[in-house]
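Next comes entry18.txt, a file with compact mmCIF, C-alpha atoms.
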# COMPACT_ATOMS: atom_id res chain seq x y z
CA MET I 1064 -9.55 -9.60 -19.22
CA ALA I 1065 -6.29 -8.18 -17.82
CA ASN I 1066 -4.16 -6.88 -20.66
CA ILE I 1067 -0.46 -6.64 -19.81
CA GLN I 1068 2.57 -5.80 -21.90
CA PRO I 1069 6.35 -5.88 -21.48
CA ILE I 1070 7.97 -2.50 -21.03
CA ASN I 1071 11.22 -0.78 -21.96
CA GLY I 1072 12.02 0.05 -18.37
CA ILE I 1073 14.29 2.89 -17.34
CA ARG I 1074 16.92 1.69 -14.87
CA PHE I 1075 19.98 2.88 -13.01
CA ASN I 1076 23.32 2.23 -14.67
CA LEU I 1077 25.25 0.53 -11.87
CA ALA I 1078 28.55 1.29 -13.60
CA ARG I 1079 27.76 4.96 -12.88
CA VAL I 1080 26.00 4.85 -9.50
CA GLY I 1081 27.67 1.89 -7.78
CA GLN I 1082 25.48 -0.05 -5.35
CA LEU I 1083 21.77 -0.30 -6.18
CA SER I 1084 21.04 -0.13 -2.44
CA ASP I 1085 22.30 3.47 -2.42
CA VAL I 1086 19.86 4.80 -5.02
CA ILE I 1087 16.59 3.06 -4.10
CA ALA I 1088 13.91 4.34 -1.70
CA PRO I 1089 10.59 3.24 -0.22
CA PRO I 1090 7.38 4.68 -1.72
CA TYR I 1091 6.98 8.45 -1.35
CA ASP I 1092 4.03 8.21 1.03
CA VAL I 1093 6.02 6.53 3.82
CA ILE I 1094 8.96 8.95 3.69
CA SER I 1095 9.18 11.49 6.50
CA PRO I 1096 10.96 14.85 6.02
CA GLU I 1097 13.84 13.53 8.15
CA PHE I 1098 14.15 10.37 6.06
CA GLN I 1099 13.94 12.46 2.89
CA ASP I 1100 17.01 14.37 4.10
CA GLU I 1101 18.82 11.08 4.80
CA LEU I 1102 18.11 9.80 1.30
CA TYR I 1103 19.30 13.07 -0.26
CA GLU I 1104 22.57 12.73 1.63
CA LYS I 1105 22.99 9.00 0.97
CA HIS I 1106 23.79 9.34 -2.74
CA PRO I 1107 23.63 12.17 -5.30
CA ASN I 1108 21.59 9.92 -7.59
CA ASN I 1109 19.14 8.55 -5.04
CA CYS I 1110 15.69 8.31 -6.61
CA ILE I 1111 14.22 10.48 -3.84
CA ARG I 1112 15.03 13.39 -6.17
CA LEU I 1113 12.50 11.94 -8.62
CA ILE I 1114 9.73 10.50 -6.47
CA LEU I 1115 9.74 13.18 -3.75
CA ASN I 1116 11.88 16.18 -4.62
CA LYS I 1117 12.24 18.73 -1.83
CA THR I 1118 9.94 21.72 -1.55
CA LEU I 1119 11.86 25.03 -1.35
CA PRO I 1120 10.72 28.46 -0.06
CA THR I 1121 11.47 29.93 -3.49
CA ASP I 1122 9.21 27.52 -5.42
CA ASP I 1123 7.03 29.03 -8.13
CA GLU I 1124 5.26 27.82 -11.27
CA GLN I 1125 8.49 27.66 -13.25
CA ASP I 1126 10.74 26.13 -10.59
CA ASN I 1127 9.24 23.68 -8.11
CA ARG I 1128 9.70 20.12 -6.91
CA TYR I 1129 7.90 18.72 -9.96
CA THR I 1130 9.92 20.66 -12.53
CA ARG I 1131 13.13 19.83 -10.66
CA ALA I 1132 12.27 16.13 -10.79
CA ARG I 1133 11.81 16.43 -14.56
CA LYS I 1134 15.17 18.21 -14.94
CA VAL I 1135 16.93 15.63 -12.77
CA MET I 1136 15.53 12.75 -14.79
CA LYS I 1137 16.53 14.32 -18.10
CA LYS I 1138 20.01 15.08 -16.76
CA TRP I 1139 20.49 11.51 -15.51
CA LEU I 1140 19.35 10.08 -18.85
CA ASP I 1141 21.64 12.44 -20.78
CA GLU I 1142 24.61 11.57 -18.57
CA GLY I 1143 24.01 7.81 -18.61
CA VAL I 1144 23.10 7.58 -14.94
CA LEU I 1145 19.81 6.12 -16.19
CA PHE I 1146 19.32 4.05 -19.33
CA THR I 1147 16.33 2.66 -21.20
CA GLU I 1148 16.04 -1.10 -21.68
CA ALA I 1149 16.81 -1.98 -25.29
CA ASP I 1150 14.20 -4.76 -25.50
CA PRO I 1151 10.70 -4.94 -24.01
CA ALA I 1152 10.90 -6.87 -20.76
CA LEU I 1153 9.14 -8.29 -17.74
CA TYR I 1154 10.97 -7.68 -14.45
CA VAL I 1155 10.82 -10.58 -12.00
CA TYR I 1156 10.97 -9.18 -8.48
CA TYR I 1157 11.57 -11.11 -5.21
CA GLN I 1158 11.46 -9.62 -1.71
CA THR I 1159 12.95 -11.65 1.15
CA PHE I 1160 12.13 -10.50 4.67
CA ASP I 1161 11.65 -11.61 8.27
CA TYR I 1162 8.38 -11.23 10.14
CA ALA I 1163 7.17 -12.78 13.39
CA GLY I 1164 10.19 -15.06 13.59
CA LYS I 1165 9.87 -16.45 10.06
CA THR I 1166 11.60 -15.71 6.76
CA TYR I 1167 9.39 -15.09 3.73
CA THR I 1168 10.02 -14.51 0.04
CA ARG I 1169 7.31 -12.70 -1.88
CA LYS I 1170 7.51 -13.32 -5.62
CA GLY I 1171 6.07 -11.32 -8.49
CA PHE I 1172 6.91 -9.47 -11.67
CA MET I 1173 6.62 -5.96 -13.05
CA ALA I 1174 5.04 -5.08 -16.39
CA GLY I 1175 2.59 -2.62 -17.92
CA LEU I 1176 -1.10 -3.05 -17.02
CA GLU I 1177 -3.73 -1.61 -19.35
CA VAL I 1178 -5.42 1.33 -17.65
CA GLN I 1179 -9.14 0.73 -17.21
CA PRO I 1180 -11.45 2.89 -15.09
CA PHE I 1181 -12.71 1.06 -12.04
CA GLY I 1182 -16.01 -0.61 -12.80
CA GLU I 1183 -15.35 -0.85 -16.55
CA GLY I 1184 -12.88 -3.72 -16.72
CA CYS I 1185 -11.13 -6.35 -14.65
CA VAL I 1186 -9.12 -4.05 -12.37
CA PHE I 1187 -10.66 -3.66 -8.91
CA PRO I 1188 -9.84 -1.24 -6.05
CA HIS I 1189 -10.18 -2.20 -2.39
CA GLU I 1190 -9.61 1.03 -0.43
CA GLN I 1191 -10.78 4.62 -0.44
CA THR I 1192 -8.33 7.31 -1.61
CA HIS I 1193 -7.47 10.94 -0.83
CA ALA I 1194 -7.96 13.61 -3.51
CA ALA I 1195 -4.85 15.57 -2.40
CA ALA I 1196 -2.54 12.60 -2.94
CA LYS I 1197 -3.96 12.01 -6.42
CA ALA I 1198 -3.48 15.67 -7.37
CA ASP I 1199 0.15 15.51 -6.23
CA ARG I 1200 0.93 12.34 -8.19
CA LEU I 1201 -0.88 13.65 -11.28
CA MET I 1202 1.25 16.79 -11.23
CA LEU I 1203 4.41 14.68 -10.94
CA THR I 1204 3.36 12.38 -13.79
CA THR I 1205 2.30 15.28 -16.01
CA THR I 1206 5.56 17.13 -15.44
CA THR I 1207 8.04 14.24 -15.61
CA LYS I 1208 6.04 12.23 -18.16
CA ALA I 1209 7.09 9.11 -16.29
CA GLN I 1210 5.71 6.50 -13.92
CA LEU I 1211 8.20 6.52 -11.06
CA SER I 1212 6.64 3.92 -8.73
CA GLN I 1213 4.70 0.76 -9.43
CA ILE I 1214 1.15 -0.27 -8.58
CA PHE I 1215 0.83 -3.42 -6.44
CA GLY I 1216 -1.68 -5.79 -8.06
CA LEU I 1217 -2.91 -9.19 -6.86
CA TYR I 1218 -4.26 -11.90 -9.15
CA PRO I 1219 -5.72 -15.36 -8.37
CA ASP I 1220 -3.41 -18.21 -9.33
CA ALA I 1221 -3.98 -21.27 -7.13
CA GLU I 1222 -1.80 -23.42 -9.39
CA ASN I 1223 1.05 -20.88 -9.46
CA GLU I 1224 1.08 -21.04 -13.25
CA VAL I 1225 2.42 -17.55 -13.92
CA MET I 1226 5.38 -17.54 -11.54
CA SER I 1227 6.31 -21.10 -12.51
CA ILE I 1228 6.94 -19.87 -16.05
CA LEU I 1229 9.10 -17.00 -14.84
CA ASP I 1230 10.93 -18.97 -12.16
CA LYS I 1231 12.02 -21.48 -14.78
CA ASN I 1232 13.34 -18.71 -17.03
CA ILE I 1233 15.48 -17.02 -14.33
CA GLU I 1234 16.84 -20.22 -12.82
CA GLY I 1235 20.62 -19.99 -12.47
CA LYS I 1236 20.77 -16.35 -13.53
CA THR I 1237 22.32 -13.64 -11.36
CA PRO I 1238 19.86 -11.01 -10.16
CA LEU I 1239 20.28 -7.34 -9.44
CA GLU I 1240 20.15 -6.96 -5.66
CA ALA I 1241 19.47 -4.22 -3.13
CA ILE I 1242 18.97 -4.17 0.64
CA ASP I 1243 16.70 -1.46 2.03
CA TYR I 1244 16.70 0.41 5.35
CA LEU I 1245 14.55 -2.30 6.98
CA GLY I 1246 16.95 -5.07 6.00
CA VAL I 1247 14.64 -6.45 3.31
CA THR I 1248 16.52 -8.01 0.38
CA HIS I 1249 15.18 -7.11 -3.06
CA ARG I 1250 16.20 -9.13 -6.13
CA MET I 1251 15.30 -8.45 -9.75
CA TRP I 1252 15.79 -10.31 -13.03
CA VAL I 1253 15.13 -8.92 -16.52
CA VAL I 1254 13.15 -11.28 -18.79
CA THR I 1255 13.15 -10.42 -22.51
CA ASP I 1256 12.38 -13.83 -24.11
CA PRO I 1257 9.31 -13.16 -26.34
CA ALA I 1258 8.01 -16.71 -25.90
CA VAL I 1259 8.14 -16.47 -22.11
CA ILE I 1260 6.47 -13.06 -22.17
CA ALA I 1261 3.71 -14.31 -24.46
CA SER I 1262 3.07 -17.28 -22.17
CA VAL I 1263 2.75 -15.01 -19.13
CA GLN I 1264 0.42 -12.67 -21.03
CA ASP I 1265 -1.78 -15.63 -21.96
CA LYS I 1266 -1.99 -16.97 -18.39
CA ILE I 1267 -2.62 -13.69 -16.60
CA GLY I 1268 -4.94 -12.36 -19.29
CA LYS I 1269 -7.72 -14.58 -17.97
CA LYS I 1270 -7.54 -13.22 -14.42
CA PRO I 1271 -8.91 -10.18 -12.54
CA ILE I 1272 -6.43 -7.78 -10.93
CA PHE I 1273 -7.05 -6.46 -7.41
CA ILE I 1274 -5.16 -3.34 -6.35
CA ALA I 1275 -3.37 -4.15 -3.09
CA ASP I 1276 -1.45 -0.88 -2.82
CA GLY I 1277 -1.01 2.19 -4.98
CA HIS I 1278 -4.66 3.19 -5.45
CA HIS I 1279 -3.64 6.85 -5.74
CA ARG I 1280 -1.11 6.05 -8.44
CA TYR I 1281 -3.56 3.87 -10.37
CA GLU I 1282 -6.27 6.53 -10.32
CA THR I 1283 -3.60 9.05 -11.31
CA SER I 1284 -2.82 6.93 -14.39
CA CYS I 1285 -6.54 7.00 -15.27
CA ASN I 1286 -6.67 10.78 -14.88
CA TYR I 1287 -3.47 11.26 -16.87
CA LEU I 1288 -4.79 9.11 -19.69
CA ASN I 1289 -8.02 11.11 -19.74
CA GLN I 1290 -6.02 14.34 -20.02
CA LEU I 1291 -4.12 12.99 -23.02
CA ARG I 1292 -7.23 11.59 -24.69
CA GLN I 1293 -8.60 15.11 -24.81
CA GLN I 1294 -5.53 15.95 -26.88
CA GLY I 1295 -6.23 13.11 -29.32
CA ILE I 1296 -3.46 10.62 -28.48
CA SER I 1297 -2.92 7.41 -30.46
CA LYS I 1298 -4.05 3.95 -29.31
CA ASP I 1299 -0.45 2.84 -28.83
CA HIS I 1300 0.52 5.74 -26.57
CA PRO I 1301 2.40 4.43 -23.49
CA ALA I 1302 -0.04 6.17 -21.11
CA HIS I 1303 -2.56 3.42 -21.90
CA TYR I 1304 -0.53 1.24 -19.51
CA VAL I 1305 0.69 1.70 -15.95
CA LEU I 1306 3.77 0.20 -14.30
CA THR I 1307 2.52 -2.61 -12.07
CA MET I 1308 3.89 -5.31 -9.80
CA PHE I 1309 1.86 -8.53 -10.08
CA VAL I 1310 1.74 -11.01 -7.19
CA GLY I 1311 -0.35 -14.17 -6.97
CA MET I 1312 -2.96 -14.07 -4.21
CA GLU I 1313 -1.83 -17.49 -3.04
CA ASP I 1314 1.86 -16.55 -2.91
CA GLU I 1315 3.46 -17.92 0.27
CA GLY I 1316 5.33 -14.66 0.80
CA LEU I 1317 2.23 -12.47 1.13
CA ALA I 1318 2.17 -10.88 4.60
CA VAL I 1319 -0.74 -8.62 5.53
CA LEU I 1320 0.01 -6.67 8.70
CA PRO I 1321 -2.58 -5.01 10.93
CA THR I 1322 -2.91 -1.25 11.11
CA HIS I 1323 -3.55 -0.17 14.69
CA ARG I 1324 -5.07 3.21 15.54
CA LEU I 1325 -4.05 5.75 18.19
CA PHE I 1326 -6.68 8.47 18.49
CA PRO I 1327 -5.55 11.97 19.59
CA GLY I 1328 -7.73 14.97 20.37
CA ILE I 1329 -10.84 13.17 21.58
CA PRO I 1330 -12.52 13.35 25.03
CA VAL I 1331 -10.84 11.20 27.66
CA MET I 1332 -12.88 8.34 29.05
CA SER I 1333 -12.42 5.43 31.40
CA SER I 1334 -13.05 1.85 30.42
CA ASP I 1335 -16.30 1.89 32.42
CA GLU I 1336 -17.49 5.03 30.62
CA MET I 1337 -16.59 3.48 27.26
CA ILE I 1338 -18.31 0.18 28.09
CA GLU I 1339 -21.47 2.06 29.05
CA LYS I 1340 -21.49 3.82 25.69
CA LEU I 1341 -20.94 0.57 23.78
CA GLY I 1342 -24.01 -0.87 25.46
CA ASN I 1343 -25.40 -4.17 24.26
CA CYS I 1344 -23.59 -3.91 20.93
CA PHE I 1345 -20.47 -5.47 22.46
CA GLU I 1346 -19.45 -8.00 25.05
CA CYS I 1347 -16.67 -6.29 27.00
CA ARG I 1348 -14.01 -7.63 29.34
CA LYS I 1349 -11.18 -5.73 30.96
CA VAL I 1350 -7.96 -7.67 30.51
CA GLY I 1351 -5.10 -5.60 31.96
CA THR I 1352 -3.48 -2.24 32.53
CA GLY I 1353 -0.47 -0.29 31.28
CA PRO I 1354 1.03 0.24 27.82
CA ASP I 1355 3.06 -3.00 27.99
CA PHE I 1356 -0.12 -5.04 28.33
CA ALA I 1357 -0.73 -4.30 24.65
CA ASN I 1358 1.35 -7.39 23.85
CA THR I 1359 -0.96 -9.68 25.83
CA ALA I 1360 -4.08 -7.98 24.49
CA TRP I 1361 -2.86 -8.47 20.92
CA GLU I 1362 -2.01 -12.12 21.55
CA ASP I 1363 -5.60 -12.61 22.73
CA ILE I 1364 -6.98 -10.92 19.62
CA GLU I 1365 -4.77 -12.98 17.30
CA THR I 1366 -5.75 -16.19 19.08
CA LEU I 1367 -9.45 -15.37 18.71
CA ASP I 1368 -8.73 -14.73 15.00
CA SER I 1369 -12.00 -12.91 14.34
CA GLN I 1370 -12.73 -9.48 12.91
CA GLU I 1371 -15.41 -9.11 15.60
CA ASN I 1372 -12.83 -8.72 18.40
CA ILE I 1373 -11.03 -5.42 19.02
CA ALA I 1374 -8.70 -4.45 21.88
CA LEU I 1375 -9.30 -0.91 23.17
CA TYR I 1376 -7.06 1.10 25.51
CA THR I 1377 -8.50 3.97 27.55
CA ALA I 1378 -5.84 6.37 28.82
CA LYS I 1379 -7.94 7.78 31.65
CA ASP I 1380 -7.63 4.56 33.65
CA ASP I 1381 -4.70 3.01 31.72
CA THR I 1382 -6.86 -0.04 30.93
CA TRP I 1383 -7.11 -2.52 28.07
CA THR I 1384 -10.56 -3.88 27.22
CA ILE I 1385 -11.36 -6.54 24.63
CA VAL I 1386 -14.73 -5.97 23.00
CA LYS I 1387 -16.63 -8.49 20.86
CA LEU I 1388 -19.42 -7.55 18.47
CA THR I 1389 -22.81 -9.02 19.49
CA GLU I 1390 -25.88 -9.79 17.42
CA ASN I 1391 -27.29 -6.47 18.63
CA GLY I 1392 -24.13 -4.82 17.34
CA LYS I 1393 -24.53 -6.48 13.95
CA ALA I 1394 -28.11 -5.25 13.79
CA LYS I 1395 -26.99 -1.74 14.69
CA MET I 1396 -24.34 -1.81 11.94
CA ALA I 1397 -27.08 -2.67 9.43
CA GLU I 1398 -29.23 0.33 10.37
CA ASP I 1399 -29.72 3.37 8.15
CA GLY I 1400 -27.28 6.07 9.08
CA VAL I 1401 -24.69 3.56 10.25
CA ALA I 1402 -23.68 1.13 7.48
CA ALA I 1403 -26.88 -0.05 5.82
CA ASP I 1404 -25.48 1.10 2.46
CA HIS I 1405 -22.66 -1.45 2.69
CA THR I 1406 -22.64 -5.20 2.23
CA GLU I 1407 -22.65 -7.61 5.15
CA GLU I 1408 -19.06 -8.58 4.34
CA TRP I 1409 -17.98 -4.92 4.61
CA ARG I 1410 -19.85 -4.49 7.89
CA ASN I 1411 -18.04 -7.54 9.33
CA LEU I 1412 -14.57 -6.02 8.90
CA GLY I 1413 -12.82 -5.00 12.11
CA VAL I 1414 -11.89 -1.57 10.73
CA SER I 1415 -15.50 -0.99 9.63
CA ILE I 1416 -16.81 -1.97 13.05
CA LEU I 1417 -14.27 0.30 14.75
CA HIS I 1418 -14.89 3.41 12.66
CA LYS I 1419 -18.58 3.23 11.75
CA LEU I 1420 -20.06 1.62 14.84
CA ILE I 1421 -17.70 2.40 17.72
CA MET I 1422 -16.23 5.79 16.79
CA ASP I 1423 -18.91 7.41 14.62
CA THR I 1424 -22.06 6.00 16.24
CA LEU I 1425 -21.67 4.73 19.81
CA LEU I 1426 -18.92 7.10 21.00
CA GLU I 1427 -20.44 9.89 18.88
CA LEU I 1428 -17.09 10.97 17.41
CA PRO I 1429 -17.73 11.08 13.64
CA ASN I 1430 -15.34 14.01 13.18
CA ALA I 1431 -12.53 12.76 15.37
CA PRO I 1432 -9.03 13.91 14.34
CA LYS I 1433 -7.11 11.59 12.05
CA PRO I 1434 -5.57 8.78 14.10
CA THR I 1435 -1.91 7.84 14.14
CA TYR I 1436 -1.47 4.57 12.24
CA VAL I 1437 1.12 1.98 13.28
CA HIS I 1438 1.61 -1.66 12.34
CA LEU I 1439 3.54 -3.17 15.23
CA VAL I 1440 2.36 -3.51 18.83
CA SER I 1441 5.81 -2.33 19.92
CA GLU I 1442 5.08 0.97 18.14
CA VAL I 1443 1.83 1.30 20.09
CA ILE I 1444 3.69 0.77 23.36
CA ASP I 1445 6.43 3.23 22.44
CA ASP I 1446 3.94 5.95 21.47
CA LEU I 1447 1.94 5.51 24.68
CA LYS I 1448 5.09 5.71 26.82
CA GLN I 1449 6.76 8.56 24.98
CA GLU I 1450 3.73 10.86 25.01
CA PRO I 1451 1.50 9.91 27.95
CA GLY I 1452 -1.99 11.31 27.61
CA LYS I 1453 -1.67 12.22 23.94
CA TYR I 1454 -3.92 9.34 22.88
CA PRO I 1455 -7.11 8.99 24.95
CA LEU I 1456 -8.07 5.89 22.96
CA VAL I 1457 -6.11 3.20 21.15
CA ALA I 1458 -7.47 0.31 19.07
CA LEU I 1459 -5.74 -2.94 18.09
CA VAL I 1460 -7.54 -4.33 15.03
CA MET I 1461 -7.16 -7.53 13.02
CA PRO I 1462 -6.08 -6.98 9.40
CA ALA I 1463 -8.38 -7.75 6.51
CA THR I 1464 -7.33 -10.88 4.63
CA VAL I 1465 -6.56 -11.41 0.96
CA ASP I 1466 -9.87 -13.29 0.69
CA ASP I 1467 -11.65 -10.27 2.19
CA ILE I 1468 -10.09 -8.08 -0.48
CA LYS I 1469 -11.19 -10.40 -3.28
CA THR I 1470 -14.74 -10.71 -1.96
CA LEU I 1471 -15.28 -7.00 -1.39
CA CYS I 1472 -13.67 -5.96 -4.65
CA LEU I 1473 -15.96 -8.22 -6.64
CA GLU I 1474 -18.94 -6.79 -4.74
CA GLY I 1475 -17.88 -3.29 -5.77
CA GLU I 1476 -17.02 -2.28 -2.18
CA ARG I 1477 -14.05 -0.28 -0.98
CA MET I 1478 -12.65 -0.86 2.48
CA PRO I 1479 -12.04 2.02 4.90
CA GLN I 1480 -8.62 3.61 4.48
CA LYS I 1481 -5.69 1.77 6.08
CA SER I 1482 -7.55 -1.55 6.17
CA THR I 1483 -4.54 -3.49 4.91
CA TYR I 1484 -0.79 -3.13 4.99
CA PHE I 1485 1.14 -5.43 2.69
CA TYR I 1486 4.62 -5.79 4.11
CA PRO I 1487 7.17 -4.99 2.86
CA LYS I 1488 6.50 -2.04 0.58
CA LEU I 1489 7.69 -2.21 -3.02
CA LEU I 1490 10.90 -0.35 -3.72
CA SER I 1491 11.07 2.77 -5.82
CA GLY I 1492 14.14 3.01 -8.03
CA LEU I 1493 14.28 -0.48 -9.50
CA VAL I 1494 12.40 0.40 -12.67
CA PHE I 1495 10.83 3.58 -14.04
CA ARG I 1496 8.65 3.86 -17.12
CA SER I 1497 8.27 6.69 -19.63
CA VAL I 1498 4.77 7.80 -20.63
CA GLU I 1499 6.01 10.30 -23.18
CA GLY I 1500 4.48 9.64 -26.57

Would you write out, as structure tokens, the structure that this file holds?
Amino acid sequence: MANIQPINGIRFNLARVGQLSDVIAPPYDVISPEFQDELYEKHPNNCIRLILNKTLPTDDEQDNRYTRARKVMKKWLDEGVLFTEADPALYVYYQTFDYAGKTYTRKGFMAGLEVQPFGEGCVFPHEQTHAAAKADRLMLTTTTKAQLSQIFGLYPDAENEVMSILDKNIEGKTPLEAIDYLGVTHRMWVVTDPAVIASVQDKIGKKPIFIADGHHRYETSCNYLNQLRQQGISKDHPAHYVLTMFVGMEDEGLAVLPTHRLFPGIPVMSSDEMIEKLGNCFECRKVGTGPDFANTAWEDIETLDSQENIALYTAKDDTWTIVKLTENGKAKMAEDGVAADHTEEWRNLGVSILHKLIMDTLLELPNAPKPTYVHLVSEVIDDLKQEPGKYPLVALVMPATVDDIKTLCLEGERMPQKSTYFYPKLLSGLVFRSVEG
């Protein structure tokens, strides 16, 4: 069962910093060097100095971005810029945003989730991770002794039992509020009523938790706990839990965006040459030319609403082709050396078909350079226009669904990287959590 606990969160003192919007930031892994500079300049207490402190030419073992983050956090706590919640709390967190002409509100809450190695409890991953990112986050956690960004966890709750309890508790209360650089409105309420907390613990304790985002940070919490266990820590040490945002899988505000791929550094090919290589594994039809035709191609893919359809752009002849997996293609995916070691559900994902069958096998590009990932078709068009010829091949792919995540997680599968993109990202800077025993 999922074991959660309220936490004594560390938060910004608004009497000292002013507007919450000035001190928050998106997760570290979506912050470019240019945006990092902007956040540094925005406010002297922006949390960028904690989650992604700058690297300097003079860095050494004693003075580096990790040790500076630790010093900054201690200084802010000493000066009252940050304070620790007096009572254990759950933090209700709403995100209101616009997407595809509609306004959504995603609802959830933040608390501590008991750290359990994948495969040994009720916490399930859904994507592969990079070792370098985990090493970076482990160093930051070890040095600061704090969890500075939350995991994003999904749980099944068709009856909306958990959020109904919390919504009733916060009704009529004024939230903390911040607006981020994308115009998303973030609202947070602090819930300290022991009876409410106990009721939420009871309801969610019967449910599995699926990691939607933050796999690196979750695995970091496992690694950090293992480090401390070797030192003989107590059972009530705070490192046994990790700061987590919980959202119901049926929440009406869940938006899963696609992640399109632009492939640089591969041999150029025309649509005819690509179609020949795809052979009888796909039904192929050319649908238009030019970067702007990406909009029409994507509308076709969305209308078809099937993971088996992918829109491919070949720069050599400036052509968009929609390809559909055939029965021969499914059989090829199931062969040894392609994806026989994966379940049928995994093989049916658009991203799996693209990478394992099209790129690795049929186009014979298993070691292709890392693609550029974007989420909006407008970004695809802009990139193709701004740097003509840089991307010999582009793929528009349907996103995996929440049901796909649940099914594959329970089967013990992990999707290819960048299979899902839950929009918007969770803010950093609303709540931190100490893991210092």

Straight-line distance linking atom CA of Ile1329 of chain I with atom CA of Asp1276 of chain I, stated in Å to one decimal: 29.7 Å

Atomic separation - atom CA of Trp1383 of chain I relative to atom CA of Arg1324 of chain I, Å: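 That distance, rounded to one decimal, is 13.9 Å.
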
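With distances restricted to all atoms listed in the file, I:Lys1208 is the closest residue to Ala1132 of chain I from I:Lys1208, I:Gln1213, I:Pro1188, I:Gln1068.
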
Set out as JSON lines a contact list for segment 1429-1478 of chain I and segment 1333-1339 of chain I with a cut-off of 12 Å, giving each residue of segment 1429-1478 of chain I that qualifies its closest atom pair and distance in Å to one decimal, counting all atoms listed in the file, ordered by chain and rising residue number.
{"residue": "I:Pro1455", "atom": "CA", "partner": "I:Ser1333", "partner_atom": "CA", "distance": 9.1}
{"residue": "I:Leu1456", "atom": "CA", "partner": "I:Ser1333", "partner_atom": "CA", "distance": 9.5}
{"residue": "I:Val1457", "atom": "CA", "partner": "I:Ser1334", "partner_atom": "CA", "distance": 11.7}

Separation of atom CA of Asp1423 of chain I from atom CA of Thr1382 of chain I in Å: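 These two atoms are separated by 21.6 Å.
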
For segment 1271-1357 of chain I versus segment 1466-1484 of chain I, which residues have an atom no more than 10 Å away, and what is each residue's nearest atom pair and distance in Å rounded to one decimal, using only C-alpha atoms, chain-then-number order, as a tab-separated table?
residue	atom	partner	partner_atom	distance
I:Pro1271	CA	I:Leu1473	CA	9.4
I:Ile1272	CA	I:Lys1469	CA	9.4
I:Phe1273	CA	I:Lys1469	CA	7.1
I:Ile1274	CA	I:Ile1468	CA	9.0
I:Ala1275	CA	I:Thr1483	CA	8.1
I:Asp1276	CA	I:Tyr1484	CA	8.2
I:Met1312	CA	I:Asp1466	CA	8.5
I:Glu1313	CA	I:Asp1466	CA	9.8
I:Ala1318	CA	I:Tyr1484	CA	8.3
I:Val1319	CA	I:Tyr1484	CA	5.5
I:Leu1320	CA	I:Tyr1484	CA	5.2
I:Pro1321	CA	I:Tyr1484	CA	6.5
I:Thr1322	CA	I:Lys1481	CA	6.5
I:His1323	CA	I:Lys1481	CA	9.1
I:Arg1324	CA	I:Lys1481	CA	9.6

Among the residues I:Met1202, I:Met1173, I:Leu1490, I:Ile1373, the one that comes closest to Gln1158 of chain I [using only C-alpha atoms]: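 Closest to Gln1158 of chain I, using only C-alpha atoms: I:Leu1490.
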
Top pick for closest residue to Tyr1157 of chain I, considering I:Glu1398, I:Glu1240, I:Asp1380, I:Asp1265 and counting all atoms listed in the file: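 For Tyr1157 of chain I, the nearest of the given residues is I:Glu1240.
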
Exercise: Ile1214 of chain I partners within 10 Å, all atoms listed in the file, chain neighbours under 6 positions left out, as a PyMOL selection string: chain I and resi 1173-1176+1274-1281+1305-1309+1489

Using all atoms listed in the file: which of I:Asp1100, I:Asp1123, I:Glu1177, I:Asp1445 has the shortest distance to Ala1302 of chain I: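 Of I:Asp1100, I:Asp1123, I:Glu1177, I:Asp1445, the one nearest Ala1302 of chain I, counting all atoms listed in the file, is I:Glu1177.
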
Residue with smallest distance to Ala1241 of chain I - pool I:Tyr1218, I:Tyr1304, I:Tyr1156, I:Phe1495, counting all atoms listed in the file: I:Tyr1156

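Among the candidates I:Thr1389, I:Thr1384, I:Ser1491, I:Thr1204, the residue lying nearest to Ala1458 of chain I is I:Thr1384 (atoms considered: only C-alpha atoms).
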
7 Å contact set for Tyr1454 of chain I, only C-alpha atoms, chain neighbours under 2 positions out, as an mmCIF file with C-alpha atoms, in the coordinates of the input:
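Okay, this is what ended up in selection.cif:
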data_model
loop_
_atom_site.group_PDB
_atom_site.id
_atom_site.type_symbol
_atom_site.label_atom_id
_atom_site.label_comp_id
_atom_site.auth_asym_id
_atom_site.auth_seq_id
_atom_site.Cartn_x
_atom_site.Cartn_y
_atom_site.Cartn_z
ATOM 1 C CA LEU I 1325 -4.050 5.750 18.190
ATOM 2 C CA PHE I 1326 -6.680 8.470 18.490
ATOM 3 C CA PRO I 1327 -5.550 11.970 19.590
ATOM 4 C CA ALA I 1378 -5.840 6.370 28.820
ATOM 5 C CA GLY I 1452 -1.990 11.310 27.610
ATOM 6 C CA LEU I 1456 -8.070 5.890 22.960
ATOM 7 C CA VAL I 1457 -6.110 3.200 21.150
#

Mind giving me the axis-aligned box for segment 1090-1099 of chain I with 8 Å on every side, centre plus edges in Å to one decimal, as JSON?
{"center_x": 9.1, "center_y": 9.8, "center_z": 3.2, "size_x": 26.1, "size_y": 26.2, "size_z": 25.9}
